[in-house]
>>> print(open('protein_19.cif').read())   # mmCIF, C-alpha atoms and all ligand atoms
data_work
#
loop_
_atom_site.label_atom_id
_atom_site.label_comp_id
_atom_site.auth_asym_id
_atom_site.auth_seq_id
_atom_site.Cartn_x
_atom_site.Cartn_y
_atom_site.Cartn_z
CA MET A 1 24.47 -4.27 0.71
CA MET A 2 23.14 -7.66 -0.40
CA THR A 3 26.38 -9.33 0.59
CA VAL A 4 26.16 -13.11 1.00
CA PRO A 5 28.96 -14.45 3.25
CA GLY A 6 31.12 -16.95 1.37
CA ALA A 7 29.50 -16.28 -2.01
CA ASP A 8 29.47 -13.58 -4.66
CA GLY A 9 25.78 -12.94 -4.04
CA CYS A 10 22.44 -14.68 -4.01
CA ASP A 11 21.56 -17.36 -6.58
CA GLN A 12 18.01 -16.09 -6.95
CA LEU A 13 16.32 -12.88 -5.98
CA VAL A 14 12.84 -12.12 -4.61
CA ASP A 15 12.27 -8.44 -5.29
CA ASP A 16 9.50 -5.96 -4.47
CA GLY A 17 9.65 -2.75 -6.47
CA GLY A 18 12.83 -3.71 -8.30
CA ASP A 19 15.36 -1.95 -6.07
CA ALA A 20 17.60 -4.99 -5.51
CA THR A 21 17.50 -5.76 -9.24
CA LEU A 22 18.26 -2.13 -10.06
CA LEU A 23 21.20 -2.10 -7.63
CA ILE A 24 22.81 -5.12 -9.30
CA HIS A 25 22.26 -3.68 -12.79
CA LYS A 26 23.50 -0.19 -11.92
CA GLY A 27 26.36 -1.67 -9.89
CA LYS A 28 27.60 -3.66 -12.88
CA GLU A 29 27.14 -0.62 -15.16
CA PHE A 30 29.07 1.76 -12.88
CA GLU A 31 31.80 -0.79 -12.15
CA ALA A 32 32.37 -1.10 -15.91
CA LYS A 33 32.49 2.70 -16.19
CA TYR A 34 34.97 2.91 -13.31
CA ALA A 35 37.18 0.28 -14.97
CA LYS A 36 37.12 2.30 -18.19
CA ASP A 37 37.64 5.89 -17.03
CA GLY A 38 37.92 5.83 -13.22
CA SER A 39 34.68 7.77 -12.77
CA LEU A 40 32.32 7.15 -9.85
CA PRO A 41 28.54 7.66 -9.72
CA ASP A 42 27.38 11.11 -8.62
CA PRO A 43 24.46 11.07 -6.13
CA ALA A 44 23.90 14.80 -6.82
CA SER A 45 23.01 13.98 -10.43
CA THR A 46 19.46 12.94 -9.47
CA ASN A 47 16.59 14.36 -7.42
CA ASN A 48 15.06 10.92 -6.95
CA ALA A 49 15.68 10.02 -3.29
CA GLU A 50 15.80 6.23 -3.88
CA PHE A 51 18.15 6.53 -6.85
CA LYS A 52 20.33 8.93 -4.86
CA CYS A 53 20.76 6.16 -2.25
CA ILE A 54 21.74 3.66 -4.93
CA LEU A 55 24.32 6.05 -6.42
CA GLN A 56 25.76 6.85 -2.97
CA LEU A 57 25.97 3.18 -2.10
CA LEU A 58 27.83 2.42 -5.33
CA LYS A 59 30.10 5.43 -4.92
CA ASP A 60 31.12 4.03 -1.53
CA SER A 61 31.30 0.42 -2.69
CA ILE A 62 33.32 0.62 -5.92
CA PRO A 63 36.62 1.85 -4.40
CA LEU A 64 36.43 -1.00 -1.86
CA ASP A 65 35.50 -3.77 -4.30
CA LYS A 66 35.64 -2.94 -7.99
CA THR A 67 33.68 -5.96 -9.24
CA LYS A 68 31.25 -6.73 -6.40
CA TYR A 69 28.05 -6.19 -8.42
CA THR A 70 29.52 -7.59 -11.65
CA ARG A 71 30.16 -10.87 -9.82
CA MET A 72 26.75 -10.66 -8.17
CA ALA A 73 25.09 -10.34 -11.60
CA VAL A 74 26.84 -13.51 -12.77
CA GLN A 75 25.84 -15.34 -9.58
CA CYS A 76 22.15 -14.37 -9.86
CA LYS A 77 20.14 -16.81 -11.96
CA GLY A 78 16.85 -14.99 -11.88
CA VAL A 79 14.46 -12.67 -10.07
CA SER A 80 10.78 -12.93 -9.22
CA GLU A 81 9.18 -9.50 -8.93
CA GLU A 82 6.29 -8.73 -6.63
CA THR A 83 4.76 -5.44 -7.70
CA THR A 84 3.41 -3.39 -10.63
CA THR A 85 6.13 -0.75 -10.43
CA GLY A 86 8.97 -3.32 -10.32
CA VAL A 87 7.56 -5.20 -13.31
CA LEU A 88 7.41 -1.93 -15.25
CA ARG A 89 11.13 -1.45 -14.61
CA LEU A 90 11.92 -5.05 -15.62
CA ARG A 91 10.01 -4.66 -18.87
CA GLU A 92 11.90 -1.45 -19.65
CA MET A 93 15.23 -3.21 -19.07
CA ALA A 94 14.19 -6.24 -21.16
CA ALA A 95 13.05 -3.96 -24.01
CA LYS A 96 16.51 -2.35 -24.07
CA ASN A 97 18.20 -5.80 -23.87
CA GLU A 98 19.72 -4.71 -20.55
CA LEU A 99 18.22 -7.37 -18.29
CA LEU A 100 21.04 -9.51 -16.90
CA PHE A 101 18.98 -12.56 -15.86
CA PRO A 102 15.49 -14.02 -16.42
CA ALA A 103 12.62 -12.46 -14.49
CA ILE A 104 9.24 -13.78 -13.44
CA ASN A 105 6.45 -11.28 -13.22
CA VAL A 106 4.63 -12.39 -10.08
CA ASN A 107 2.50 -9.25 -9.99
CA ASP A 108 0.49 -10.24 -13.04
CA CYS A 109 -0.44 -13.66 -11.72
CA VAL A 110 -4.19 -13.36 -11.38
CA THR A 111 -3.94 -14.60 -7.80
CA LYS A 112 -1.56 -11.73 -7.06
CA SER A 113 -2.72 -8.51 -8.74
CA LYS A 114 -6.44 -9.28 -8.67
CA PHE A 115 -6.20 -10.21 -4.98
CA ASP A 116 -3.34 -8.44 -3.16
CA ASN A 117 -3.60 -5.19 -5.14
CA VAL A 118 -7.39 -5.07 -5.03
CA TYR A 119 -8.55 -6.82 -1.84
CA GLY A 120 -5.36 -6.18 0.12
CA CYS A 121 -5.62 -2.44 -0.48
CA ARG A 122 -9.37 -2.56 0.10
CA HIS A 123 -8.49 -3.71 3.62
CA SER A 124 -5.31 -1.82 4.39
CA LEU A 125 -6.11 1.65 2.99
CA PRO A 126 -9.01 2.40 5.35
CA ASP A 127 -7.11 0.63 8.13
CA SER A 128 -4.22 3.06 7.70
CA ILE A 129 -6.38 6.19 7.41
CA MET A 130 -8.35 5.21 10.50
CA ARG A 131 -5.29 4.32 12.58
CA ALA A 132 -3.54 7.53 11.54
CA THR A 133 -6.37 10.02 11.86
CA ASP A 134 -9.41 8.48 13.55
CA VAL A 135 -11.38 10.61 11.13
CA MET A 136 -14.92 9.60 10.21
CA ILE A 137 -14.71 8.48 6.58
CA GLY A 138 -18.50 8.35 6.15
CA GLY A 139 -19.84 11.48 4.47
CA LYS A 140 -16.41 12.72 3.40
CA ARG A 141 -15.46 13.36 -0.20
CA ALA A 142 -12.58 11.07 -1.11
CA LEU A 143 -10.53 11.23 -4.29
CA VAL A 144 -8.66 8.17 -5.55
CA CYS A 145 -6.10 8.94 -8.25
CA GLY A 146 -5.80 5.93 -10.54
CA TYR A 147 -8.48 3.29 -10.95
CA GLY A 148 -6.26 0.28 -11.63
CA ASP A 149 -6.18 -2.74 -9.33
CA VAL A 150 -5.04 -0.80 -6.27
CA GLY A 151 -7.30 2.18 -7.01
CA LYS A 152 -10.31 -0.12 -7.35
CA GLY A 153 -9.66 -1.68 -3.94
CA CYS A 154 -9.23 1.79 -2.40
CA ALA A 155 -12.37 3.18 -4.05
CA PHE A 156 -14.52 0.22 -2.96
CA ALA A 157 -13.27 0.50 0.62
CA LEU A 158 -13.85 4.23 0.89
CA ARG A 159 -17.32 3.87 -0.60
CA GLY A 160 -17.99 0.99 1.80
CA ALA A 161 -17.09 3.28 4.68
CA GLY A 162 -19.62 5.83 3.44
CA ALA A 163 -17.40 8.30 1.61
CA ARG A 164 -18.49 9.96 -1.62
CA VAL A 165 -15.74 8.72 -3.92
CA LEU A 166 -14.34 10.48 -6.97
CA ILE A 167 -11.72 9.13 -9.35
CA THR A 168 -9.04 10.58 -11.61
CA GLU A 169 -7.85 8.45 -14.52
CA ILE A 170 -5.92 8.85 -17.75
CA ASP A 171 -7.06 5.58 -19.33
CA PRO A 172 -10.54 5.71 -20.87
CA ILE A 173 -11.19 2.01 -20.16
CA ASN A 174 -10.47 2.37 -16.44
CA ALA A 175 -12.38 5.65 -16.38
CA LEU A 176 -15.40 3.95 -17.94
CA GLN A 177 -15.13 1.10 -15.43
CA ALA A 178 -15.18 3.67 -12.64
CA CYS A 179 -18.28 5.33 -14.11
CA MET A 180 -20.03 1.98 -14.42
CA GLU A 181 -19.33 1.33 -10.74
CA GLY A 182 -21.00 4.62 -9.93
CA PHE A 183 -17.90 6.69 -9.20
CA GLN A 184 -17.59 10.20 -10.57
CA VAL A 185 -14.57 10.64 -12.84
CA VAL A 186 -13.05 14.10 -12.54
CA THR A 187 -9.81 15.94 -13.04
CA MET A 188 -7.81 17.04 -10.05
CA GLU A 189 -8.42 20.68 -11.01
CA ASP A 190 -12.21 20.11 -10.95
CA CYS A 191 -12.34 18.98 -7.38
CA VAL A 192 -9.13 19.72 -5.48
CA HIS A 193 -10.71 22.45 -3.34
CA GLU A 194 -13.54 20.25 -2.04
CA ILE A 195 -11.92 16.89 -1.29
CA ASP A 196 -11.38 15.70 2.29
CA ILE A 197 -9.22 12.62 1.64
CA PHE A 198 -6.77 12.24 -1.27
CA THR A 199 -5.23 8.87 -2.12
CA SER A 200 -2.82 8.38 -5.00
CA ALA A 201 -2.67 4.87 -6.47
CA THR A 202 -1.17 5.29 -9.93
CA GLY A 203 2.43 4.00 -9.95
CA ASN A 204 3.09 7.29 -11.76
CA PHE A 205 4.71 10.43 -10.35
CA LYS A 206 3.72 14.08 -9.73
CA ILE A 207 0.09 13.11 -9.15
CA ILE A 208 -0.55 15.36 -6.14
CA THR A 209 1.54 18.48 -6.70
CA LEU A 210 2.42 21.45 -4.52
CA GLU A 211 -0.02 23.57 -6.54
CA HIS A 212 -2.80 21.09 -5.76
CA MET A 213 -1.92 21.08 -2.05
CA LYS A 214 -2.01 24.87 -1.92
CA LYS A 215 -5.62 24.75 -3.12
CA MET A 216 -6.80 22.06 -0.71
CA LYS A 217 -9.26 22.55 2.14
CA ASN A 218 -7.80 23.11 5.58
CA ASN A 219 -6.88 19.71 7.08
CA ALA A 220 -7.38 17.73 3.90
CA ILE A 221 -5.79 14.30 4.34
CA VAL A 222 -3.22 13.35 1.69
CA CYS A 223 -1.79 9.88 1.26
CA ASN A 224 -0.18 7.59 -1.28
CA ILE A 225 -0.59 3.83 -1.63
CA GLY A 226 1.46 3.49 -4.85
CA HIS A 227 4.96 2.06 -4.62
CA PHE A 228 7.03 5.26 -4.60
CA ASP A 229 6.58 8.45 -2.57
CA ASN A 230 7.00 10.64 -5.67
CA GLU A 231 3.26 10.31 -6.41
CA ILE A 232 3.00 13.23 -3.96
CA ASP A 233 5.29 16.19 -4.51
CA MET A 234 6.81 15.89 -1.03
CA GLU A 235 10.07 17.62 -1.87
CA ASP A 236 8.38 20.85 -2.99
CA LEU A 237 6.00 20.72 -0.02
CA GLU A 238 8.83 20.27 2.48
CA GLN A 239 10.94 23.02 0.90
CA PHE A 240 8.12 25.57 0.50
CA PRO A 241 9.34 28.88 2.01
CA GLY A 242 7.83 29.53 5.42
CA MET A 243 6.18 26.12 5.68
CA THR A 244 5.66 24.90 9.23
CA VAL A 245 5.30 21.24 10.01
CA GLU A 246 3.35 20.02 12.99
CA ASN A 247 4.09 16.40 13.84
CA ILE A 248 0.75 15.18 15.16
CA LYS A 249 2.05 11.68 15.87
CA PRO A 250 4.49 9.31 14.15
CA GLN A 251 3.68 9.12 10.42
CA VAL A 252 1.14 11.96 10.61
CA ASP A 253 2.32 15.49 9.77
CA ARG A 254 0.35 18.67 9.26
CA PHE A 255 2.01 21.01 6.75
CA VAL A 256 0.78 24.57 7.27
CA PHE A 257 1.04 27.09 4.40
CA PRO A 258 2.32 30.43 5.68
CA THR A 259 -0.07 32.82 3.94
CA SER A 260 -3.37 30.95 3.99
CA GLY A 261 -2.76 29.25 7.35
CA ASN A 262 -4.35 26.13 5.83
CA GLY A 263 -2.82 22.80 6.69
CA VAL A 264 -2.70 19.51 4.81
CA ILE A 265 -2.33 16.32 6.80
CA VAL A 266 0.21 14.09 5.07
CA LEU A 267 0.33 10.44 6.07
CA ALA A 268 3.53 8.36 6.15
CA SER A 269 5.51 11.25 4.58
CA GLY A 270 3.98 10.34 1.23
CA ARG A 271 5.28 6.78 1.37
CA LEU A 272 3.09 3.67 1.12
CA VAL A 273 0.41 4.60 3.62
CA ASN A 274 -0.69 1.06 4.37
CA LEU A 275 2.85 0.17 5.43
CA GLY A 276 3.62 3.47 7.18
CA CYS A 277 0.38 3.91 9.10
CA ALA A 278 -0.87 0.32 9.39
CA THR A 279 0.60 -3.15 9.08
CA GLY A 280 0.14 -3.69 5.34
CA HIS A 281 -2.20 -6.31 3.94
CA PRO A 282 -3.54 -9.15 6.08
CA SER A 283 -1.57 -12.40 5.95
CA PHE A 284 -4.27 -14.32 4.05
CA VAL A 285 -4.02 -12.19 0.93
CA MET A 286 -0.22 -11.99 1.23
CA SER A 287 -0.23 -15.79 1.36
CA CYS A 288 -1.67 -15.77 -2.19
CA SER A 289 1.09 -13.41 -3.31
CA PHE A 290 3.87 -15.29 -1.58
CA THR A 291 2.67 -18.69 -2.81
CA ASN A 292 3.15 -17.24 -6.28
CA GLN A 293 6.60 -16.04 -5.25
CA VAL A 294 7.55 -19.54 -4.04
CA LEU A 295 6.27 -21.13 -7.26
CA ALA A 296 8.18 -18.52 -9.27
CA GLN A 297 11.38 -19.22 -7.34
CA LEU A 298 10.98 -22.99 -7.92
CA ASP A 299 10.39 -22.29 -11.61
CA LEU A 300 13.57 -20.18 -11.79
CA LEU A 301 15.49 -22.95 -10.00
CA LYS A 302 14.20 -25.53 -12.48
CA ASN A 303 15.18 -23.25 -15.34
CA TRP A 304 18.65 -22.77 -13.89
CA LYS A 305 19.34 -26.43 -13.04
CA GLU A 306 17.38 -28.28 -15.74
CA THR A 307 15.48 -26.66 -18.58
CA LYS A 308 17.56 -23.52 -19.30
CA ALA A 309 14.69 -22.32 -21.44
CA TYR A 310 14.43 -18.73 -20.22
CA LYS A 311 16.25 -15.88 -21.90
CA ASN A 312 16.97 -12.61 -20.09
CA ASP A 313 13.36 -11.58 -20.41
CA VAL A 314 10.20 -11.20 -18.30
CA TYR A 315 7.95 -14.27 -17.97
CA LEU A 316 4.57 -15.06 -16.46
CA LEU A 317 3.91 -18.21 -14.47
CA PRO A 318 1.77 -20.72 -16.36
CA LYS A 319 -1.99 -20.57 -15.78
CA HIS A 320 -2.20 -23.96 -14.02
CA LEU A 321 0.07 -22.61 -11.25
CA ASP A 322 -2.10 -19.53 -10.84
CA GLU A 323 -5.12 -21.82 -10.48
CA LYS A 324 -3.15 -23.96 -8.01
CA VAL A 325 -2.54 -20.92 -5.79
CA ALA A 326 -6.29 -20.25 -5.68
CA LEU A 327 -7.05 -23.92 -5.10
CA LEU A 328 -4.71 -24.03 -2.11
CA HIS A 329 -6.50 -21.08 -0.52
CA LEU A 330 -10.10 -22.22 -1.01
CA PRO A 331 -10.35 -24.67 1.93
CA ALA A 332 -9.47 -21.92 4.41
CA LEU A 333 -12.57 -20.05 3.27
CA GLY A 334 -14.82 -23.12 3.37
CA ALA A 335 -15.40 -23.04 -0.39
CA HIS A 336 -16.50 -26.18 -2.23
CA LEU A 337 -15.48 -26.28 -5.86
CA THR A 338 -17.69 -27.92 -8.47
CA THR A 339 -15.94 -30.61 -10.54
CA LEU A 340 -16.51 -30.66 -14.29
CA SER A 341 -17.78 -33.85 -15.84
CA GLN A 342 -15.68 -35.09 -18.78
CA GLU A 343 -18.63 -34.33 -21.02
CA GLN A 344 -18.83 -30.72 -19.76
CA ALA A 345 -15.07 -30.29 -20.02
CA ASP A 346 -15.15 -31.48 -23.63
CA TYR A 347 -18.09 -29.17 -24.36
CA ILE A 348 -16.23 -26.02 -23.23
CA GLY A 349 -12.87 -27.27 -24.50
CA VAL A 350 -10.87 -27.56 -21.27
CA LYS A 351 -9.41 -30.39 -19.20
CA VAL A 352 -11.35 -31.62 -16.17
CA ASN A 353 -8.56 -30.37 -13.86
CA GLY A 354 -7.83 -27.16 -15.72
CA PRO A 355 -6.47 -24.83 -16.84
CA PHE A 356 -10.01 -23.49 -17.03
CA LYS A 357 -9.35 -20.26 -18.91
CA ASN A 358 -7.12 -19.20 -21.76
CA ASP A 359 -4.37 -16.63 -21.24
CA THR A 360 -6.45 -13.75 -22.60
CA TYR A 361 -9.24 -14.18 -20.04
CA ARG A 362 -9.38 -11.08 -17.84
CA TYR A 363 -11.22 -12.18 -14.68
N1 LIG A 401 0.54 -0.35 -1.17
C1 LIG A 401 0.40 -1.60 -1.55
O1 LIG A 401 0.19 -2.47 -0.74
C2 LIG A 401 0.48 -1.92 -3.01
C3 LIG A 401 0.04 -3.17 -3.45
C4 LIG A 401 0.11 -3.44 -4.80
C5 LIG A 401 0.61 -2.50 -5.69
N2 LIG A 401 1.07 -1.30 -5.21
C6 LIG A 401 1.59 -0.25 -6.08
O2 LIG A 401 0.48 0.61 -6.42
C7 LIG A 401 0.70 1.22 -7.69
C8 LIG A 401 -0.49 0.94 -8.61
O3 LIG A 401 -0.57 -0.45 -8.86
P1 LIG A 401 -1.76 -1.09 -9.71
O4 LIG A 401 -1.52 -2.55 -9.69
O5 LIG A 401 -3.06 -0.53 -9.31
O6 LIG A 401 -1.38 -0.53 -11.17
P2 LIG A 401 -2.40 -0.35 -12.39
O7 LIG A 401 -1.55 -0.15 -13.59
O8 LIG A 401 -3.41 -1.45 -12.37
O9 LIG A 401 -3.18 1.00 -12.03
C9 LIG A 401 -2.64 2.28 -12.06
C10 LIG A 401 -3.70 3.18 -12.71
O10 LIG A 401 -3.27 4.53 -12.61
C11 LIG A 401 -3.64 5.20 -13.81
N3 LIG A 401 -2.83 6.41 -13.96
C12 LIG A 401 -1.55 6.54 -14.41
N4 LIG A 401 -1.17 7.83 -14.41
C13 LIG A 401 -2.23 8.52 -13.93
C14 LIG A 401 -2.45 9.92 -13.67
N5 LIG A 401 -1.52 10.84 -13.97
N6 LIG A 401 -3.64 10.28 -13.16
C15 LIG A 401 -4.61 9.37 -12.90
N7 LIG A 401 -4.46 8.04 -13.13
C16 LIG A 401 -3.27 7.63 -13.62
C17 LIG A 401 -3.42 4.15 -14.90
O11 LIG A 401 -4.16 4.42 -16.07
C18 LIG A 401 -3.90 2.88 -14.21
O12 LIG A 401 -5.25 2.60 -14.46
C19 LIG A 401 2.02 0.65 -8.19
O13 LIG A 401 3.06 1.53 -7.84
C20 LIG A 401 2.15 -0.65 -7.42
O14 LIG A 401 3.49 -1.09 -7.34
C21 LIG A 401 0.98 -0.98 -3.90
#
>>> encode(input="protein_19.cif", output="structure tokens", more="lines below")
Ligand SMILES: NC(=O)c1ccc[n+]([C@@H]2O[C@H](COP(=O)([O-])OP(=O)(O)OC[C@H]3O[C@@H](n4cnc5c(N)ncnc54)[C@H](O)[C@@H]3O)[C@@H](O)[C@H]2O)c1
Amino acid sequence: MMTVPGADGCDQLVDDGGDATLLIHKGKEFEAKYAKDGSLPDPASTNNAEFKCILQLLKDSIPLDKTKYTRMAVQCKGVSEETTTGVLRLREMAAKNELLFPAINVNDCVTKSKFDNVYGCRHSLPDSIMRATDVMIGGKRALVCGYGDVGKGCAFALRGAGARVLITEIDPINALQACMEGFQVVTMEDCVHEIDIFTSATGNFKIITLEHMKKMKNNAIVCNIGHFDNEIDMEDLEQFPGMTVENIKPQVDRFVFPTSGNGVIVLASGRLVNLGCATGHPSFVMSCSFTNQVLAQLDLLKNWKETKAYKNDVYLLPKHLDEKVALLHLPALGAHLTTLSQEQADYIGVKVNGPFKNDTYRY
């Protein structure tokens, strides 16, 4: 895995969700452990399906090459991370001083999270539900769990398609935002029995549990657009005694509870629904994200070859690059930007060519 012919590994990493970064870090950690006491990682030690894969991979790899990931960690001069969940992991590693190379948080570029996460999901969530089910969204009651960037995009889209949208949130600021947009903020327990379409968008886990699914209406649609499938308690659902599973078509399964006879329709097996049941975000919005990735990679290269200013920590791209990404995308939409006069620029305390906002501006 991640082998580069003729080299110890890649010089720089573009990651999405942090799995490649995690593999290098865990690989180095377990190789050191093996060198010390001969012990190998145990895939049975975790219930997390992704982490199980990583442990299995390392268990197989270490006896064949005892320093593969240790060398790879030395070779890697930095990572640029695409998504909310991956950045969370990077920050945790940096806080524990465990990060092995500098990281650029691409997700929190304004032209990434306020575009891809919001407008990308606004497009690709309904696209995936429609492709998977052909159900009429108008008139249905739809619950979006999490009203962050992704949740906002999902909620706007479902409302736009005519659904009555409800929100669950844990953060009072996001909950208040949802209220001010006219969405009803509820707890799962309040509404689980009356919702037609459930979408989890939290980046957290155990959001839609087996107990919730038992209480759902017959043929409620359940999907997840957050990075990991553990937002929905798929394992407990799949292992429920007497459960029958009707595969309606690829990526669409109806789980029928034995006693009630009620079924829940799970999309993409609880994995990212917009990737499993549709084709992800449209290329235009991904172009914003990937332009940030390219700029981040160039920044890491410059740091490696010239400036050497970054420590093993998580960095944001400077504001002028974020503005550049937006600027590059405006002509395609036929937008004409107003140019500040020097006098106006001086009056609001910016340069004529930007940056136009300070780092605390929230857009
Ligand atoms: N499918 C895609 O195309 C796509 C695109 C971008 C991001 N993502 C992923 O989507 C997830 C969310 O990303 P985001 O940028 O919206 O993050 P975010 O932090 O902006 O939003 C998540 C929201 O969920 C809320 N939340 C957390 N636990 C909750 C709980 N138990 N119940 C209800 N709400 C809860 C948080 O308060 C927050 O407001 C992440 O896993 C991210 O990686 C997916």
>>> residues_near_ligand(input="protein_19.cif", ligand="ligand LIG 401 (chain A)", cutoff="6 Å", atoms="all atoms listed in the file", output="VMD selection string")
chain A and resid 83 to 85 117 121 145 to 151 168 to 171 174 201 to 204 207 225 to 227 272 274
>>> axis_aligned_box(input="protein_19.cif", around="range 269-287 of chain A", padding_each_side="3 Å", output="JSON")
{"center_x": 0.6, "center_y": -2.3, "center_z": 5.2, "size_x": 15.8, "size_y": 33.0, "size_z": 14.5}
>>> closest_atom_pairs(input="protein_19.cif", of="range 187-208 of chain A", to="range 254-270 of chain A", cutoff="12 Å", atoms="all atoms listed in the file", output="Markdown table")
| residue | atom | partner | partner_atom | distance |
| --- | --- | --- | --- | --- |
| A:His193 | CA | A:Asn262 | CA | 11.8 |
| A:Ile195 | CA | A:Val264 | CA | 11.4 |
| A:Asp196 | CA | A:Val264 | CA | 9.8 |
| A:Ile197 | CA | A:Ile265 | CA | 9.4 |
| A:Phe198 | CA | A:Val266 | CA | 9.6 |
| A:Thr199 | CA | A:Gly270 | CA | 9.9 |
| A:Ser200 | CA | A:Gly270 | CA | 9.4 |
| A:Ala201 | CA | A:Gly270 | CA | 11.6 |
| A:Phe205 | CA | A:Gly270 | CA | 11.6 |
| A:Lys206 | CA | A:Gly270 | CA | 11.6 |
| A:Ile207 | CA | A:Gly270 | CA | 11.4 |
| A:Ile208 | CA | A:Gly270 | CA | 10.0 |
>>> atom_distance(input="protein_19.cif", atom1="CA of Ser128 in chain A", atom2="CA of Ser289 in chain A")
20.5 Å
>>> residues_around(input="protein_19.cif", residues="range 43-52 of chain A", least_positions_apart="6", cutoff="10 Å", atoms="all atoms listed in the file", output="NGL selection string")
:A and (19 or 22-23 or 26 or 58-59 or 228-230 or 235)
>>> residues_around(input="protein_19.cif", residues="Ile129 in chain A", least_positions_apart="6", cutoff="8 Å", atoms="all atoms listed in the file", output="list in words")
Val135, Val273 and Cys277 of chain A
>>> closest_residue(input="protein_19.cif", among="A:Gly276, A:Lys217, A:Phe284, A:Lys114", to="Leu333 in chain A", atoms="all atoms listed in the file")
A:Phe284
>>> closest_residue(input="protein_19.cif", among="A:Leu143, A:Ala163, A:Ile221, A:Leu298", to="Val192 in chain A", atoms="only C-alpha atoms")
A:Leu143
>>> closest_residue(input="protein_19.cif", among="A:Lys96, A:Tyr34, A:Lys311, A:Met1", to="Leu57 in chain A", atoms="all atoms listed in the file")
A:Met1
>>> atom_distance(input="protein_19.cif", atom1="CA of Leu176 in chain A", atom2="CA of Gly280 in chain A")
29.0 Å
>>> closest_residue(input="protein_19.cif", among="A:Val186, A:Pro102, A:Asn292, A:Cys191", to="Lys308 in chain A", atoms="only C-alpha atoms")
A:Pro102
>>> residues_around(input="protein_19.cif", residues="Gly162 in chain A", least_positions_apart="6", cutoff="12 Å", atoms="only C-alpha atoms", output="PDB file with C-alpha atoms, keeping the file's coordinate frame")
ATOM      1  CA  PRO A 126      -9.010   2.400   5.350  1.00  0.00           C
ATOM      2  CA  MET A 136     -14.920   9.600  10.210  1.00  0.00           C
ATOM      3  CA  ILE A 137     -14.710   8.480   6.580  1.00  0.00           C
ATOM      4  CA  GLY A 138     -18.500   8.350   6.150  1.00  0.00           C
ATOM      5  CA  GLY A 139     -19.840  11.480   4.470  1.00  0.00           C
ATOM      6  CA  LYS A 140     -16.410  12.720   3.400  1.00  0.00           C
ATOM      7  CA  ARG A 141     -15.460  13.360  -0.200  1.00  0.00           C
ATOM      8  CA  ALA A 142     -12.580  11.070  -1.110  1.00  0.00           C
ATOM      9  CA  ALA A 155     -12.370   3.180  -4.050  1.00  0.00           C
ATOM     10  CA  PHE A 156     -14.520   0.220  -2.960  1.00  0.00           C
TER      11      PHE A 156
END
>>> atom_distance(input="protein_19.cif", atom1="CA of Glu29 in chain A", atom2="CA of Glu82 in chain A")
23.9 Å
>>> residues_around(input="protein_19.cif", residues="Lys28 in chain A", least_positions_apart="5", cutoff="8 Å", atoms="only C-alpha atoms", output="list in words")
Thr67, Tyr69, Thr70 and Ala73 of chain A
>>> closest_residue(input="protein_19.cif", among="A:Ile232, A:Ala7, A:Ala20, A:Leu321", to="Phe356 in chain A", atoms="only C-alpha atoms")
A:Leu321
>>> residues_near_point(input="protein_19.cif", point="(-1.3, -25.7, -15.5)", cutoff="10 Å", atoms="all atoms listed in the file", output="short mmCIF file (atom, residue, chain, number, x, y, z; two decimals) with C-alpha atoms, in the coordinates of the input")
data_model
loop_
_atom_site.label_atom_id
_atom_site.label_comp_id
_atom_site.auth_asym_id
_atom_site.auth_seq_id
_atom_site.Cartn_x
_atom_site.Cartn_y
_atom_site.Cartn_z
CA LEU A 317 3.91 -18.21 -14.47
CA PRO A 318 1.77 -20.72 -16.36
CA LYS A 319 -1.99 -20.57 -15.78
CA HIS A 320 -2.20 -23.96 -14.02
CA LEU A 321 0.07 -22.61 -11.25
CA ASP A 322 -2.10 -19.53 -10.84
CA GLU A 323 -5.12 -21.82 -10.48
CA LYS A 324 -3.15 -23.96 -8.01
CA ASN A 353 -8.56 -30.37 -13.86
CA GLY A 354 -7.83 -27.16 -15.72
CA PRO A 355 -6.47 -24.83 -16.84
CA PHE A 356 -10.01 -23.49 -17.03
#
>>> closest_residue(input="protein_19.cif", among="A:Ser39, A:Gln344, A:Thr209, A:Ser283", to="Pro63 in chain A", atoms="only C-alpha atoms")
A:Ser39
>>> residues_around(input="protein_19.cif", residues="Cys10 in chain A", least_positions_apart="6", cutoff="8 Å", atoms="all atoms listed in the file", output="list in words")
Met2, Val4, Met72, Gln75 and Cys76 of chain A
>>> write_last_selection(input="protein_19.cif", atoms="C-alpha atoms", output="tab-separated table (two decimals), in the frame of the given file")
chain	number	residue	atom	x	y	z
A	2	MET	CA	23.14	-7.66	-0.40
A	4	VAL	CA	26.16	-13.11	1.00
A	72	MET	CA	26.75	-10.66	-8.17
A	75	GLN	CA	25.84	-15.34	-9.58
A	76	CYS	CA	22.15	-14.37	-9.86
